[in-house]
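Trainee: Just one file: structure10.cif, with mmCIF, C-alpha atoms and all ligand atoms.
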```cif
data_my_file
#
loop_
_atom_site.group_PDB
_atom_site.id
_atom_site.type_symbol
_atom_site.label_atom_id
_atom_site.label_comp_id
_atom_site.auth_asym_id
_atom_site.auth_seq_id
_atom_site.Cartn_x
_atom_site.Cartn_y
_atom_site.Cartn_z
ATOM 1 C CA MET A 1 62.150 -55.380 -97.079
ATOM 2 C CA LYS A 2 58.983 -53.320 -97.436
ATOM 3 C CA ARG A 3 56.063 -54.870 -99.293
ATOM 4 C CA ASP A 4 53.900 -52.889 -101.718
ATOM 5 C CA LEU A 5 50.525 -53.816 -103.159
ATOM 6 C CA LEU A 6 50.375 -52.313 -106.630
ATOM 7 C CA ARG A 7 48.594 -55.180 -108.372
ATOM 8 C CA ILE A 8 47.103 -58.563 -107.506
ATOM 9 C CA LEU A 9 50.220 -60.295 -108.895
ATOM 10 C CA ASP A 10 52.144 -58.870 -105.915
ATOM 11 C CA LEU A 11 50.358 -61.460 -103.744
ATOM 12 C CA SER A 12 50.476 -65.255 -103.761
ATOM 13 C CA ASP A 13 47.354 -67.413 -103.626
ATOM 14 C CA ARG A 14 48.103 -68.274 -99.992
ATOM 15 C CA GLU A 15 48.531 -64.629 -99.070
ATOM 16 C CA ILE A 16 45.192 -63.736 -100.656
ATOM 17 C CA LEU A 17 43.419 -66.530 -98.782
ATOM 18 C CA SER A 18 45.103 -65.508 -95.548
ATOM 19 C CA LEU A 19 44.078 -61.849 -96.048
ATOM 20 C CA ILE A 20 40.497 -62.986 -96.597
ATOM 21 C CA ARG A 21 40.553 -65.039 -93.370
ATOM 22 C CA SER A 22 41.938 -62.072 -91.486
ATOM 23 C CA GLY A 23 39.432 -59.694 -93.130
ATOM 24 C CA ARG A 24 36.600 -61.962 -92.012
ATOM 25 C CA THR A 25 37.977 -61.936 -88.452
ATOM 26 C CA TRP A 26 38.072 -58.129 -88.476
ATOM 27 C CA LYS A 27 34.517 -58.125 -89.791
ATOM 28 C CA ARG A 28 33.333 -60.379 -86.935
ATOM 29 C CA ARG A 29 34.963 -58.071 -84.395
ATOM 30 C CA GLY A 30 33.137 -55.089 -85.913
ATOM 31 C CA GLY A 31 34.330 -51.818 -84.473
ATOM 32 C CA SER A 32 34.386 -53.289 -80.945
ATOM 33 C CA ARG A 33 36.326 -51.263 -78.421
ATOM 34 C CA ARG A 34 37.822 -54.511 -77.152
ATOM 35 C CA ALA A 35 39.279 -55.371 -80.599
ATOM 36 C CA PRO A 36 43.097 -55.255 -80.904
ATOM 37 C CA ARG A 37 44.766 -52.030 -82.072
ATOM 38 C CA PRO A 38 47.898 -53.320 -83.844
ATOM 39 C CA LEU A 39 48.658 -50.019 -85.608
ATOM 40 C CA ALA A 40 48.531 -47.688 -82.595
ATOM 41 C CA GLY A 41 50.590 -44.589 -83.358
ATOM 42 C CA LYS A 42 50.968 -45.451 -87.071
ATOM 43 C CA SER A 43 50.011 -43.123 -89.929
ATOM 44 C CA LEU A 44 48.825 -43.737 -93.479
ATOM 45 C CA ALA A 45 49.093 -40.966 -96.105
ATOM 46 C CA MET A 46 46.329 -41.210 -98.722
ATOM 47 C CA ILE A 47 46.959 -39.432 -102.030
ATOM 48 C CA PHE A 48 43.898 -38.990 -104.236
ATOM 49 C CA LEU A 49 44.368 -37.602 -107.751
ATOM 50 C CA LYS A 50 40.905 -38.922 -108.661
ATOM 51 C CA ALA A 51 37.578 -38.821 -106.820
ATOM 52 C CA SER A 52 36.630 -41.516 -104.309
ATOM 53 C CA THR A 53 33.955 -42.375 -101.778
ATOM 54 C CA ARG A 54 34.569 -46.009 -100.786
ATOM 55 C CA THR A 55 38.362 -46.112 -100.992
ATOM 56 C CA ARG A 56 38.837 -42.902 -99.072
ATOM 57 C CA VAL A 57 36.391 -43.621 -96.275
ATOM 58 C CA SER A 58 37.200 -47.331 -95.900
ATOM 59 C CA PHE A 59 40.977 -46.727 -95.647
ATOM 60 C CA GLU A 60 40.510 -43.876 -93.195
ATOM 61 C CA VAL A 61 38.138 -45.848 -90.961
ATOM 62 C CA ALA A 62 40.382 -48.934 -91.260
ATOM 63 C CA MET A 63 43.328 -46.981 -89.861
ATOM 64 C CA THR A 64 41.214 -45.577 -87.033
ATOM 65 C CA ARG A 65 39.908 -49.037 -86.083
ATOM 66 C CA LEU A 66 43.469 -50.404 -86.128
ATOM 67 C CA GLY A 67 44.494 -47.679 -83.668
ATOM 68 C CA GLY A 68 46.303 -45.520 -86.231
ATOM 69 C CA HIS A 69 45.589 -42.420 -88.245
ATOM 70 C CA ALA A 70 45.081 -41.533 -91.927
ATOM 71 C CA LEU A 71 45.774 -38.274 -93.787
ATOM 72 C CA PHE A 72 43.784 -37.310 -96.871
ATOM 73 C CA LEU A 73 45.999 -35.514 -99.414
ATOM 74 C CA SER A 74 44.478 -33.933 -102.501
ATOM 75 C CA PRO A 75 46.321 -32.182 -105.342
ATOM 76 C CA LEU A 76 44.310 -29.010 -104.637
ATOM 77 C CA ASP A 77 46.032 -28.276 -101.370
ATOM 78 C CA THR A 78 49.389 -30.046 -101.516
ATOM 79 C CA GLN A 79 52.458 -29.469 -103.680
ATOM 80 C CA ILE A 80 51.539 -32.624 -105.651
ATOM 81 C CA GLY A 81 49.079 -30.537 -107.672
ATOM 82 C CA ARG A 82 51.743 -27.881 -108.340
ATOM 83 C CA GLY A 83 54.062 -30.383 -109.974
ATOM 84 C CA GLU A 84 56.416 -31.484 -107.180
ATOM 85 C CA PRO A 85 58.093 -34.604 -108.570
ATOM 86 C CA VAL A 86 56.498 -37.910 -107.568
ATOM 87 C CA ARG A 87 59.796 -39.267 -106.282
ATOM 88 C CA ASP A 88 60.320 -36.264 -103.989
ATOM 89 C CA THR A 89 56.828 -36.577 -102.527
ATOM 90 C CA ALA A 90 57.406 -40.313 -102.026
ATOM 91 C CA ARG A 91 60.667 -39.776 -100.165
ATOM 92 C CA VAL A 92 59.295 -37.011 -97.951
ATOM 93 C CA LEU A 93 56.095 -38.866 -97.013
ATOM 94 C CA SER A 94 58.235 -41.918 -96.196
ATOM 95 C CA ARG A 95 59.988 -39.834 -93.512
ATOM 96 C CA TYR A 96 56.682 -38.983 -91.784
ATOM 97 C CA THR A 97 54.327 -41.905 -92.282
ATOM 98 C CA ASP A 98 54.287 -45.708 -92.075
ATOM 99 C CA ALA A 99 52.567 -46.391 -95.424
ATOM 100 C CA VAL A 100 51.083 -44.549 -98.391
ATOM 101 C CA MET A 101 47.939 -45.296 -100.379
ATOM 102 C CA ILE A 102 47.853 -43.676 -103.816
ATOM 103 C CA ARG A 103 45.004 -43.283 -106.320
ATOM 104 C CA THR A 104 46.274 -41.865 -109.586
ATOM 105 C CA PHE A 105 46.024 -42.080 -113.382
ATOM 106 C CA GLY A 106 48.897 -43.960 -115.076
ATOM 107 C CA HIS A 107 49.960 -47.139 -113.289
ATOM 108 C CA GLU A 108 53.595 -46.111 -113.937
ATOM 109 C CA THR A 109 53.092 -43.166 -111.555
ATOM 110 C CA ALA A 110 52.215 -45.570 -108.727
ATOM 111 C CA MET A 111 55.236 -47.697 -109.678
ATOM 112 C CA GLU A 112 57.517 -44.647 -109.678
ATOM 113 C CA PHE A 113 56.118 -43.607 -106.303
ATOM 114 C CA ALA A 114 56.648 -47.075 -104.832
ATOM 115 C CA ALA A 115 60.205 -47.280 -106.173
ATOM 116 C CA ALA A 116 61.149 -44.021 -104.422
ATOM 117 C CA ALA A 117 59.213 -44.638 -101.188
ATOM 118 C CA THR A 118 60.819 -46.503 -98.308
ATOM 119 C CA VAL A 119 57.444 -47.388 -96.749
ATOM 120 C CA PRO A 120 54.807 -49.761 -98.186
ATOM 121 C CA VAL A 121 52.734 -48.312 -101.030
ATOM 122 C CA ILE A 122 49.178 -49.473 -101.723
ATOM 123 C CA ASN A 123 47.450 -48.897 -105.042
ATOM 124 C CA GLY A 124 44.037 -47.388 -104.350
ATOM 125 C CA LEU A 125 43.249 -47.513 -108.113
ATOM 126 C CA THR A 126 45.201 -46.617 -111.215
ATOM 127 C CA ASP A 127 44.156 -46.714 -114.862
ATOM 128 C CA GLY A 128 45.724 -50.187 -114.929
ATOM 129 C CA HIS A 129 44.702 -51.944 -111.705
ATOM 130 C CA HIS A 130 42.388 -51.870 -108.682
ATOM 131 C CA PRO A 131 43.752 -54.616 -106.414
ATOM 132 C CA CYS A 132 42.045 -53.575 -103.142
ATOM 133 C CA GLN A 133 38.682 -53.775 -104.878
ATOM 134 C CA ILE A 134 39.296 -57.306 -106.093
ATOM 135 C CA LEU A 135 40.445 -58.414 -102.617
ATOM 136 C CA ALA A 136 37.099 -57.182 -101.248
ATOM 137 C CA ASP A 137 35.276 -58.898 -104.119
ATOM 138 C CA LEU A 138 37.029 -62.196 -103.416
ATOM 139 C CA MET A 139 36.197 -61.906 -99.719
ATOM 140 C CA THR A 140 32.548 -61.332 -100.665
ATOM 141 C CA ALA A 141 32.502 -64.357 -102.967
ATOM 142 C CA ALA A 142 34.043 -66.506 -100.200
ATOM 143 C CA GLU A 143 31.448 -65.266 -97.685
ATOM 144 C CA ARG A 144 28.706 -66.260 -100.118
ATOM 145 C CA GLY A 145 30.082 -69.803 -100.260
ATOM 146 C CA LYS A 146 31.945 -69.639 -103.590
ATOM 147 C CA ASP A 147 35.071 -71.769 -103.984
ATOM 148 C CA LEU A 148 37.765 -69.241 -104.908
ATOM 149 C CA ARG A 149 39.859 -71.869 -106.662
ATOM 150 C CA LYS A 150 37.050 -73.386 -108.702
ATOM 151 C CA MET A 151 34.401 -70.715 -109.265
ATOM 152 C CA ARG A 152 33.392 -69.333 -112.620
ATOM 153 C CA VAL A 153 33.331 -65.552 -112.900
ATOM 154 C CA ALA A 154 31.782 -63.611 -115.775
ATOM 155 C CA PHE A 155 32.988 -60.036 -116.205
ATOM 156 C CA ILE A 156 30.616 -58.169 -118.512
ATOM 157 C CA GLY A 157 31.673 -54.833 -120.020
ATOM 158 C CA ASP A 158 34.865 -52.817 -120.231
ATOM 159 C CA GLY A 159 38.260 -54.544 -119.958
ATOM 160 C CA ASN A 160 39.376 -51.808 -117.561
ATOM 161 C CA ASN A 161 41.459 -51.563 -114.359
ATOM 162 C CA VAL A 162 38.953 -53.706 -112.429
ATOM 163 C CA ALA A 163 38.881 -56.325 -115.216
ATOM 164 C CA ASN A 164 42.700 -56.418 -115.298
ATOM 165 C CA SER A 165 42.787 -57.159 -111.581
ATOM 166 C CA TRP A 166 40.195 -59.925 -112.083
ATOM 167 C CA VAL A 167 42.436 -61.442 -114.796
ATOM 168 C CA GLU A 168 45.326 -61.536 -112.329
ATOM 169 C CA ALA A 169 43.148 -62.995 -109.551
ATOM 170 C CA ALA A 170 41.937 -65.786 -111.866
ATOM 171 C CA HIS A 171 45.483 -66.882 -112.604
ATOM 172 C CA VAL A 172 46.770 -66.479 -109.028
ATOM 173 C CA LEU A 173 43.907 -68.481 -107.496
ATOM 174 C CA GLY A 174 43.189 -70.767 -110.454
ATOM 175 C CA PHE A 175 39.521 -70.022 -111.188
ATOM 176 C CA ASP A 176 37.747 -69.617 -114.503
ATOM 177 C CA LEU A 177 37.137 -66.062 -115.797
ATOM 178 C CA ARG A 178 35.225 -65.114 -118.887
ATOM 179 C CA VAL A 179 35.291 -61.505 -119.988
ATOM 180 C CA ALA A 180 32.577 -60.395 -122.417
ATOM 181 C CA CYS A 181 33.511 -57.115 -124.090
ATOM 182 C CA PRO A 182 33.234 -55.396 -127.467
ATOM 183 C CA LYS A 183 36.224 -55.519 -129.792
ATOM 184 C CA GLY A 184 38.811 -52.934 -128.789
ATOM 185 C CA TYR A 185 37.834 -52.971 -125.091
ATOM 186 C CA GLU A 186 39.678 -56.094 -123.915
ATOM 187 C CA PRO A 187 41.720 -56.322 -120.700
ATOM 188 C CA ASP A 188 45.363 -55.277 -121.158
ATOM 189 C CA PRO A 189 47.228 -57.942 -123.213
ATOM 190 C CA ALA A 190 50.408 -57.318 -121.154
ATOM 191 C CA VAL A 191 48.495 -58.077 -117.951
ATOM 192 C CA ARG A 192 47.076 -61.255 -119.526
ATOM 193 C CA LYS A 193 50.571 -62.309 -120.549
ATOM 194 C CA ASP A 194 52.182 -61.603 -117.151
ATOM 195 C CA ALA A 195 49.407 -63.322 -115.203
ATOM 196 C CA GLY A 196 49.097 -66.189 -117.704
ATOM 197 C CA ARG A 197 52.670 -67.233 -116.903
ATOM 198 C CA ILE A 198 51.444 -68.561 -113.550
ATOM 199 C CA GLY A 199 49.892 -71.386 -115.549
ATOM 200 C CA ARG A 200 46.768 -71.739 -113.391
ATOM 201 C CA GLY A 201 43.214 -70.651 -114.064
ATOM 202 C CA GLU A 202 41.621 -69.916 -117.387
ATOM 203 C CA VAL A 203 40.781 -66.516 -118.841
ATOM 204 C CA ARG A 204 38.696 -66.324 -121.996
ATOM 205 C CA ILE A 205 37.613 -63.231 -123.882
ATOM 206 C CA VAL A 206 34.264 -63.552 -125.648
ATOM 207 C CA ARG A 207 32.013 -61.078 -127.422
ATOM 208 C CA ASP A 208 28.645 -62.470 -126.330
ATOM 209 C CA PRO A 209 27.611 -61.595 -122.747
ATOM 210 C CA ALA A 210 25.235 -64.595 -122.675
ATOM 211 C CA GLU A 211 28.105 -66.946 -123.438
ATOM 212 C CA ALA A 212 30.181 -65.467 -120.597
ATOM 213 C CA ALA A 213 27.265 -65.560 -118.144
ATOM 214 C CA ARG A 214 26.294 -69.185 -118.823
ATOM 215 C CA GLY A 215 26.698 -71.176 -115.584
ATOM 216 C CA ALA A 216 28.617 -68.352 -113.850
ATOM 217 C CA ASP A 217 28.844 -68.260 -110.047
ATOM 218 C CA VAL A 218 29.657 -64.545 -110.067
ATOM 219 C CA LEU A 219 28.342 -61.989 -112.526
ATOM 220 C CA TYR A 220 30.444 -58.819 -112.399
ATOM 221 C CA THR A 221 30.294 -55.483 -114.097
ATOM 222 C CA ASP A 222 31.742 -51.977 -113.836
ATOM 223 C CA VAL A 223 31.142 -48.618 -115.518
ATOM 224 C CA TRP A 224 31.701 -48.267 -119.254
ATOM 225 C CA THR A 225 33.522 -44.954 -118.842
ATOM 226 C CA SER A 226 36.152 -44.916 -116.112
ATOM 227 C CA MET A 227 37.572 -41.833 -114.426
ATOM 228 C CA GLY A 228 39.808 -40.011 -116.897
ATOM 229 C CA GLN A 229 37.900 -41.324 -119.959
ATOM 230 C CA GLU A 230 35.042 -38.815 -119.817
ATOM 231 C CA ALA A 231 35.840 -37.410 -123.299
ATOM 232 C CA GLU A 232 35.106 -40.866 -124.771
ATOM 233 C CA GLY A 233 31.772 -41.166 -122.939
ATOM 234 C CA ARG A 234 29.459 -40.992 -125.968
ATOM 235 C CA LYS A 235 31.555 -43.361 -128.059
ATOM 236 C CA ARG A 236 31.689 -45.837 -125.198
ATOM 237 C CA LEU A 237 27.960 -45.657 -124.548
ATOM 238 C CA ALA A 238 27.392 -46.716 -128.158
ATOM 239 C CA ALA A 239 30.103 -49.405 -128.127
ATOM 240 C CA PHE A 240 28.712 -51.136 -125.015
ATOM 241 C CA GLN A 241 25.070 -51.421 -126.100
ATOM 242 C CA GLY A 242 24.046 -55.031 -125.415
ATOM 243 C CA TYR A 243 26.454 -55.408 -122.469
ATOM 244 C CA CYS A 244 24.006 -54.507 -119.695
ATOM 245 C CA VAL A 245 23.716 -56.938 -116.770
ATOM 246 C CA ASP A 246 19.947 -57.422 -116.706
ATOM 247 C CA ALA A 247 17.482 -60.069 -115.521
ATOM 248 C CA ALA A 248 17.762 -62.033 -118.792
ATOM 249 C CA LEU A 249 21.552 -62.259 -118.457
ATOM 250 C CA LEU A 250 21.276 -63.226 -114.798
ATOM 251 C CA ARG A 251 19.000 -66.125 -115.769
ATOM 252 C CA ARG A 252 21.897 -67.576 -117.782
ATOM 253 C CA ALA A 253 24.063 -67.733 -114.674
ATOM 254 C CA HIS A 254 24.120 -70.535 -112.116
ATOM 255 C CA PRO A 255 21.102 -70.454 -109.790
ATOM 256 C CA GLY A 256 22.429 -68.795 -106.650
ATOM 257 C CA ALA A 257 24.934 -66.715 -108.596
ATOM 258 C CA ILE A 258 25.890 -63.430 -107.004
ATOM 259 C CA VAL A 259 26.048 -60.119 -108.812
ATOM 260 C CA MET A 260 28.840 -57.716 -107.969
ATOM 261 C CA HIS A 261 29.745 -54.186 -109.045
ATOM 262 C CA CYS A 262 32.566 -52.159 -107.522
ATOM 263 C CA LEU A 263 30.379 -48.994 -107.520
ATOM 264 C CA PRO A 264 29.642 -46.252 -108.343
ATOM 265 C CA ALA A 265 27.020 -47.751 -110.708
ATOM 266 C CA HIS A 266 25.165 -46.218 -113.620
ATOM 267 C CA ARG A 267 21.729 -47.804 -113.417
ATOM 268 C CA GLY A 268 20.305 -48.435 -116.874
ATOM 269 C CA GLU A 269 23.763 -48.537 -118.475
ATOM 270 C CA GLU A 270 26.017 -51.425 -117.350
ATOM 271 C CA ILE A 271 23.421 -52.819 -114.889
ATOM 272 C CA THR A 272 19.673 -52.537 -114.396
ATOM 273 C CA GLU A 273 18.107 -51.182 -111.233
ATOM 274 C CA ALA A 274 16.259 -54.507 -110.758
ATOM 275 C CA VAL A 275 19.474 -56.575 -110.778
ATOM 276 C CA LEU A 276 21.471 -54.128 -108.673
ATOM 277 C CA GLU A 277 18.747 -54.059 -106.016
ATOM 278 C CA GLY A 278 17.631 -57.679 -106.515
ATOM 279 C CA PRO A 279 18.118 -60.786 -104.338
ATOM 280 C CA ASN A 280 21.314 -61.916 -106.117
ATOM 281 C CA SER A 281 23.083 -58.602 -105.599
ATOM 282 C CA ALA A 282 25.999 -58.565 -103.162
ATOM 283 C CA VAL A 283 27.116 -55.026 -103.992
ATOM 284 C CA PHE A 284 26.671 -53.425 -100.586
ATOM 285 C CA ASP A 285 28.376 -56.301 -98.743
ATOM 286 C CA GLU A 286 31.117 -55.935 -101.334
ATOM 287 C CA ALA A 287 31.443 -52.218 -100.589
ATOM 288 C CA GLU A 288 31.475 -52.928 -96.832
ATOM 289 C CA ASN A 289 34.172 -55.556 -97.258
ATOM 290 C CA ARG A 290 36.585 -52.923 -98.574
ATOM 291 C CA LEU A 291 36.904 -51.816 -94.940
ATOM 292 C CA HIS A 292 37.524 -55.264 -93.462
ATOM 293 C CA ILE A 293 39.950 -56.570 -96.073
ATOM 294 C CA GLN A 294 41.945 -53.320 -96.005
ATOM 295 C CA MET A 295 42.281 -53.663 -92.218
ATOM 296 C CA ALA A 296 43.830 -57.070 -92.888
ATOM 297 C CA LEU A 297 46.064 -55.600 -95.607
ATOM 298 C CA LEU A 298 47.260 -52.635 -93.522
ATOM 299 C CA GLU A 299 47.985 -54.943 -90.592
ATOM 300 C CA LYS A 300 50.025 -57.181 -92.895
ATOM 301 C CA LEU A 301 52.018 -54.448 -94.666
ATOM 302 C CA ILE A 302 52.737 -51.951 -91.896
ATOM 303 C CA LYS A 303 55.563 -52.951 -89.587
ATOM 304 C CA HIS A 304 54.423 -53.122 -85.973
HETATM 305 N N1 LIG A 401 34.888 -48.942 -105.782
HETATM 306 C C1 LIG A 401 35.623 -47.839 -105.505
HETATM 307 O O1 LIG A 401 36.855 -47.856 -105.567
HETATM 308 O O2 LIG A 401 34.883 -46.747 -105.174
HETATM 309 P P1 LIG A 401 35.411 -45.260 -104.951
HETATM 310 O O3 LIG A 401 35.793 -44.719 -106.298
HETATM 311 O O4 LIG A 401 34.232 -44.547 -104.358
HETATM 312 O O5 LIG A 401 36.597 -45.299 -104.027
HETATM 313 N N1 LIG A 402 36.736 -48.509 -113.479
HETATM 314 C C1 LIG A 402 36.283 -47.472 -112.579
HETATM 315 C C2 LIG A 402 36.300 -47.963 -111.170
HETATM 316 C C3 LIG A 402 35.825 -46.966 -110.148
HETATM 317 C C4 LIG A 402 35.918 -47.495 -108.751
HETATM 318 C C5 LIG A 402 37.162 -46.238 -112.746
HETATM 319 O O1 LIG A 402 38.378 -46.395 -112.880
HETATM 320 O O2 LIG A 402 36.639 -45.132 -112.753
#
```
Once you've parsed the file, please lay out its structure as C-alpha cells.
Mentor:
Amino acid sequence: MKRDLLRILDLSDREILSLIRSGRTWKRRGGSRRAPRPLAGKSLAMIFLKASTRTRVSFEVAMTRLGGHALFLSPLDTQIGRGEPVRDTARVLSRYTDAVMIRTFGHETAMEFAAAATVPVINGLTDGHHPCQILADLMTAAERGKDLRKMRVAFIGDGNNVANSWVEAAHVLGFDLRVACPKGYEPDPAVRKDAGRIGRGEVRIVRDPAEAARGADVLYTDVWTSMGQEAEGRKRLAAFQGYCVDAALLRRAHPGAIVMHCLPAHRGEEITEAVLEGPNSAVFDEAENRLHIQMALLEKLIKH
C-alpha cells in the first residue's frame, strides 16, 4: 500500500519522532559524497500551482542528495494549467515517477490527486495544511532542546494552513498549543474536531496574544494574508493589528523560548525585524531543516 502525506494526521507520534531522528542523521551527514543514496534512479514530480522558494528548492535538493531526481512542473507549461483533469494528471505521472509533491489551493484537490495516483503523494502546501513545514518546525524545536510531548507552543496570528497543521501536531504528539487570533480567523473547526479525537494534547484559542505567549517554549507566527487571499489583504491588515510578534510579546514567553516563522516574512506586520533577526530566532535553521526532514520523508515514502 502506498503512503501519502497530505496532513499531519496521516502520521503517528512514533512516525514523526522517527522522521525527526532520521532528518537529524541526514543533517549530520550534510551533502557528503560518502552519504548513502537510497533513491538512486527514482524521480519525484513537483507540481506548483502557487509560488515557492523553500519547498521547491529543498525538495529538489533532497532528491538529488538521495541519489534521485526531481521535476518542477508549473501550470504555465504543462497541461495542468490548460484544465487537464487532476485525476488524469495523477494517473499519468504515476506511470513515470516514484512520488509526487503537490502545492495547490483547495485541500480537496490534493486529496483527489492522491486518490487517483498510484504513487505516494506529498502535500507541499494547500489552503488547508502545510505538513512538511510543521515536520521541519518540530525538528527545529527538538534540536533546540524542546520536549515535543510536553512543550508549550504559542501560535500568534492567522488560523491558516500552518496553524491547522500545528493543531494536528499538538494532538498527535500531546503538547500544549495556544492560538491567539482575532475573531473569525480561527483554525479550521473540522481540523480541530478530527485531531481532537486523538484525546492527547491541548489546543486553546484565545484572543489576547500576551495570554498565548505567557510561558511559551515556542513563539510562532506566519503571514496574515496567505497565497490566494490577496484580495482580502487590506481587511486582514486591519483585523490583525495587535498580533505582531515583537520584543514585548517575546518577554512574556519562557526565557530561552525560540521564535519560528515558516517564511516568507513581512517584517513590521506579523513580526518585527528585531525579533526575526534576534537571538531567540530559529527561522533560518527552520528553513534549512525543510531539506533534512524531507530527505527522511522521501526515503520513508518512496519504495526502494
Ligand atoms: N515555508 C514555505 O513553504 O516557503 P515557500 O513558500 O518558499 O516554499
Ligand atoms: N500561510 C502561508 C504559508 C506560506 C509558506 C501561505 O499559505 O501563503
Trainee: Residues within 9 Å of range 85-93 of chain A, please, as a VMD selection string. Count all atoms listed in the file; anything in the same chain fewer than 2 positions from it doesn't count.
Mentor: chain A and resid 45 79 to 80 83 95 to 100 109 to 110 112 to 119
Trainee: Please write the residues picked by the PyMOL selection byres (((chain A and resi 285-287) around 7) and not hetatm) on this file as a PDB file with C-alpha atoms, keeping the file's coordinate frame.
Mentor:
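Wrote selection-v9.pdb, looks like this:
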```pdb
ATOM      1  CA  ARG A  54      34.569 -46.009-100.786  1.00  0.00           C
ATOM      2  CA  ALA A 136      37.099 -57.182-101.248  1.00  0.00           C
ATOM      3  CA  ASP A 137      35.276 -58.898-104.119  1.00  0.00           C
ATOM      4  CA  THR A 140      32.548 -61.332-100.665  1.00  0.00           C
ATOM      5  CA  ALA A 282      25.999 -58.565-103.162  1.00  0.00           C
ATOM      6  CA  VAL A 283      27.116 -55.026-103.992  1.00  0.00           C
ATOM      7  CA  PHE A 284      26.671 -53.425-100.586  1.00  0.00           C
ATOM      8  CA  GLU A 288      31.475 -52.928 -96.832  1.00  0.00           C
ATOM      9  CA  ASN A 289      34.172 -55.556 -97.258  1.00  0.00           C
ATOM     10  CA  ARG A 290      36.585 -52.923 -98.574  1.00  0.00           C
TER      11      ARG A 290
END
```
Trainee: How would you report the residues lying within 10 Å of ligand LIG 402 (chain A), as a ChimeraX atom specification, if you count all atoms listed in the file?
Mentor: /A:50-55,103-105,124-130,133,158-163,221-230,261-265
Trainee: What does the file look like for those residues with C-alpha atoms, as a PDB file, keeping the file's coordinate frame?
Mentor:
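Output file selection_25.pdb is given in full below:
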```
ATOM      1  CA  LYS A  50      40.905 -38.922-108.661  1.00  0.00           C
ATOM      2  CA  ALA A  51      37.578 -38.821-106.820  1.00  0.00           C
ATOM      3  CA  SER A  52      36.630 -41.516-104.309  1.00  0.00           C
ATOM      4  CA  THR A  53      33.955 -42.375-101.778  1.00  0.00           C
ATOM      5  CA  ARG A  54      34.569 -46.009-100.786  1.00  0.00           C
ATOM      6  CA  THR A  55      38.362 -46.112-100.992  1.00  0.00           C
ATOM      7  CA  ARG A 103      45.004 -43.283-106.320  1.00  0.00           C
ATOM      8  CA  THR A 104      46.274 -41.865-109.586  1.00  0.00           C
ATOM      9  CA  PHE A 105      46.024 -42.080-113.382  1.00  0.00           C
ATOM     10  CA  GLY A 124      44.037 -47.388-104.350  1.00  0.00           C
ATOM     11  CA  LEU A 125      43.249 -47.513-108.113  1.00  0.00           C
ATOM     12  CA  THR A 126      45.201 -46.617-111.215  1.00  0.00           C
ATOM     13  CA  ASP A 127      44.156 -46.714-114.862  1.00  0.00           C
ATOM     14  CA  GLY A 128      45.724 -50.187-114.929  1.00  0.00           C
ATOM     15  CA  HIS A 129      44.702 -51.944-111.705  1.00  0.00           C
ATOM     16  CA  HIS A 130      42.388 -51.870-108.682  1.00  0.00           C
ATOM     17  CA  GLN A 133      38.682 -53.775-104.878  1.00  0.00           C
ATOM     18  CA  ASP A 158      34.865 -52.817-120.231  1.00  0.00           C
ATOM     19  CA  GLY A 159      38.260 -54.544-119.958  1.00  0.00           C
ATOM     20  CA  ASN A 160      39.376 -51.808-117.561  1.00  0.00           C
ATOM     21  CA  ASN A 161      41.459 -51.563-114.359  1.00  0.00           C
ATOM     22  CA  VAL A 162      38.953 -53.706-112.429  1.00  0.00           C
ATOM     23  CA  ALA A 163      38.881 -56.325-115.216  1.00  0.00           C
ATOM     24  CA  THR A 221      30.294 -55.483-114.097  1.00  0.00           C
ATOM     25  CA  ASP A 222      31.742 -51.977-113.836  1.00  0.00           C
ATOM     26  CA  VAL A 223      31.142 -48.618-115.518  1.00  0.00           C
ATOM     27  CA  TRP A 224      31.701 -48.267-119.254  1.00  0.00           C
ATOM     28  CA  THR A 225      33.522 -44.954-118.842  1.00  0.00           C
ATOM     29  CA  SER A 226      36.152 -44.916-116.112  1.00  0.00           C
ATOM     30  CA  MET A 227      37.572 -41.833-114.426  1.00  0.00           C
ATOM     31  CA  GLY A 228      39.808 -40.011-116.897  1.00  0.00           C
ATOM     32  CA  GLN A 229      37.900 -41.324-119.959  1.00  0.00           C
ATOM     33  CA  GLU A 230      35.042 -38.815-119.817  1.00  0.00           C
ATOM     34  CA  HIS A 261      29.745 -54.186-109.045  1.00  0.00           C
ATOM     35  CA  CYS A 262      32.566 -52.159-107.522  1.00  0.00           C
ATOM     36  CA  LEU A 263      30.379 -48.994-107.520  1.00  0.00           C
ATOM     37  CA  PRO A 264      29.642 -46.252-108.343  1.00  0.00           C
ATOM     38  CA  ALA A 265      27.020 -47.751-110.708  1.00  0.00           C
TER      39      ALA A 265
END
```
Trainee: Of the candidates A:Ile293, A:Ala257, A:Leu73, A:Leu138, which shows the shortest atom-to-atom distance to Asn280 in chain A, using all atoms listed in the file?
Mentor: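 Among A:Ile293, A:Ala257, A:Leu73, A:Leu138, it is A:Ala257 that comes nearest to Asn280 in chain A.
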Trainee: Can you translate the PyMOL selection byres (((chain A and resi 295) around 9) and not hetatm) into the concrete residues it hits in this file, as a list in words?
Mentor: Ser22, Gly23, Trp26, Ser58, Phe59, Val61, Ala62, Met63, Arg65, Leu66, Arg290, Leu291, His292, Ile293, Gln294, Ala296, Leu297, Leu298, Glu299 and Lys300 of chain A
Trainee: Go ahead and save the residues from that selection, with C-alpha atoms, as a short mmCIF file (atom, residue, chain, number, x, y, z; two decimals), in the frame of the given file.
Mentor:
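Result file is out.cif:
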```cif
data_model
loop_
_atom_site.label_atom_id
_atom_site.label_comp_id
_atom_site.auth_asym_id
_atom_site.auth_seq_id
_atom_site.Cartn_x
_atom_site.Cartn_y
_atom_site.Cartn_z
CA SER A 22 41.94 -62.07 -91.49
CA GLY A 23 39.43 -59.69 -93.13
CA TRP A 26 38.07 -58.13 -88.48
CA SER A 58 37.20 -47.33 -95.90
CA PHE A 59 40.98 -46.73 -95.65
CA VAL A 61 38.14 -45.85 -90.96
CA ALA A 62 40.38 -48.93 -91.26
CA MET A 63 43.33 -46.98 -89.86
CA ARG A 65 39.91 -49.04 -86.08
CA LEU A 66 43.47 -50.40 -86.13
CA ARG A 290 36.58 -52.92 -98.57
CA LEU A 291 36.90 -51.82 -94.94
CA HIS A 292 37.52 -55.26 -93.46
CA ILE A 293 39.95 -56.57 -96.07
CA GLN A 294 41.94 -53.32 -96.00
CA ALA A 296 43.83 -57.07 -92.89
CA LEU A 297 46.06 -55.60 -95.61
CA LEU A 298 47.26 -52.64 -93.52
CA GLU A 299 47.98 -54.94 -90.59
CA LYS A 300 50.02 -57.18 -92.90
#
```
